[in-house]
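K.L.:
Before anything else, here's the structure in question.
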Amino acid sequence: MLVALGALTGCGAPAKLDRQEQVAFARACASLIERNVVQADPPVRELDGEQLDLDDPAAFYSTLERLRGPDTFDFHKPDNADNSPKDMLDDNCRPRDASRK
Amino acid sequence: MNELVTLEPPATPAEVEADASSSRRKWLDFGVPTALVVGTAATRLPYLSTPRAFVFDEIYYVPDAASILRNGVEQGGVVHPPGGKWLIAGGIRAFGFTPFGWRFAALVCGCLIVLLTYLTARQLVRGHLIPALAAGAVALDGVSFTTGRVGMLDVFLALFTTSAVTFTVFALRQRENRRRVTWCRWGAALSLGAGLTVKWSAVYLLLAVLLAFLWLDAKQPQGRRQGQAVLTTVLLFTVVPAAVYALAYVPWIVNADKTYQHLSDCSRDDDCSLALTNRIRQLIEDQNRVLDFQRTSKQETNSNAAPAWEWVNQQHPTVMFRTECDSAFNQAPDDLAAKACSGAGDGKIVEIVTVANPVVWFTAMGAGVVLIVLTIWRRDMILLFLLLAGAYQWFFWAANDRHSYSFYIAPLIPVFALWIAVVFAQRWFRYIVPVFAVLLVAAFAFYYPIWAGRPLTPDQARAREYWLAY
């Protein structure tokens, strides 16, 4: 089983890898923001200059969708190659405390 | 030194033959390990895909695994060798970049650890019951359970260290069979090498394994052959692990142009040469960078890490994931929904805590004391090896001023289960076995929600935080 797993790795990337990783990063990003926002009272935070308010879930998630954009995480961008994926996630997903503005 | 670990008299060859030929025994030889593996998978498979967000250090290793699939090497600077990430990548290759895909290899390896624990315990004690209980202790332990369900490295390290322990115990137990000892020596050396490709901390076990095989060599008849055997053992346990480790970096050398080290050298120092000598130099620099990180990273400000001596009463477990649920989370569109709180109402707590099953852990602590007494009393090399296999994998962390995470315990749990098996095989402790079995299952059922990330009310979550009592 372990040999099979290792051998599979040598077969290269699966066809949908980029798309699936984009989605996984988007979910990780949303989850990070959710977890930060839910600790606050009132539950408001800011991301890229936009307010995040979980009291209005539809607006909250549409803001996240908009901020994410289609190319938020480009896994082939040469500039990103020497950054860890966590750096990429952190840069885009860490909500900032509105009171620090 | 005594021959047998248990206080029971050894089975005579005739008894062994009669035992082996019985159809019941053959059925059990197949049925018990199969049931253990299937049972372990059955407890770990449900909710394996939740949360759909990265859990703790999955954020490092899982994208690294994807990067290995794309480029043959990880993206950015890494702090562990690639072996474990190759295994995660295998799961992603098979099932896609989904939570199931990136956690699949951990699930498989976690089941294999349970199987190895059973096979090793079978070498130590008679019958199937106590070995099955030892394997069950691993299956139902919180550290094994949580590490066996996330795309992190510790379960892979635990598999390879347990494999090294298995080979060593087989060799010690059947030391008259020189051919088998030779095979086991190779198996242990290769296992330790594989462990090193996952995390450097595999080296902690190497000393215990080396000592066990040197002891076996010392038992050889005196003369030139004994000296050769000692030399062969020392070489085998240095050259083979080093060779396996080097082999794991062949893809790094081949794909050096995509590595962090090359990219930073190229952009910072205009050193863009891809000559083989330069690739090797960059690999050595990269290893030095990792070494620097491991030396200087103390983690003392990380609330999830603590000095390793605090493992003794599990007072500072690592919380791998925690969220307070809000009904608004249920309205997230699918491509943003982590689903950690799927169906849970406002105020519920979802957390994944890497804390040991208290029944396993505290029984093991007691078993360790009994084992020390037994080892001194009986002067048994197998017992001594089991003690050292646990002690070395704890001592080096405890002696380090670096703060550690509780999932570093993962390689210790199978060894602890073997301690428990050996002690339960003693006549005086047999009456505890049924009590232990019942408490083990009860504790697993009680703590399951904080190991599997199931929603709890804040009161229910607090009731499970037994470490706060310290």
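Identifiers in this document derive from the order of the structure tokens: chains are assigned A, B, ..., residues are numbered from 1 separately in each chain, and ligands are numbered from 1 in order of occurrence.
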Please determine the contact residues of chain B with respect to chain A at a cut-off of 9 Å, counting only C-alpha atoms, and supply them as a ChimeraX atom specification.

P.N.:
/B:52-55,59-60,63-72,74-78,86-94,96-99,105,108-109,258-261,263-264,322-326,328-329,331-340

K.L.:
Would you list, as a ChimeraX atom specification, the residues of stretch 72-199 of chain B that end up in helix (DSSP H, G or I) under DSSP run on this structure's backbone?

P.N.:
/B:83-95,99-124,129-139,142-147,154-173,178-196

K.L.:
I'd like the interatomic distance between atom CA of B:Asp57 and atom CA of B:Phe321, to a tenth of an Å.

P.N.:
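Separation between atom CA of B:Asp57 and atom CA of B:Phe321: 10.1 Å.
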
K.L.:
Could you tell me which of B:Pro317, B:Gly142, B:Gly151, B:Pro81 comes closest to B:Val359 if we count only C-alpha atoms?

P.N.:
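The shortest atom-to-atom distance to B:Val359 comes from B:Gly142.
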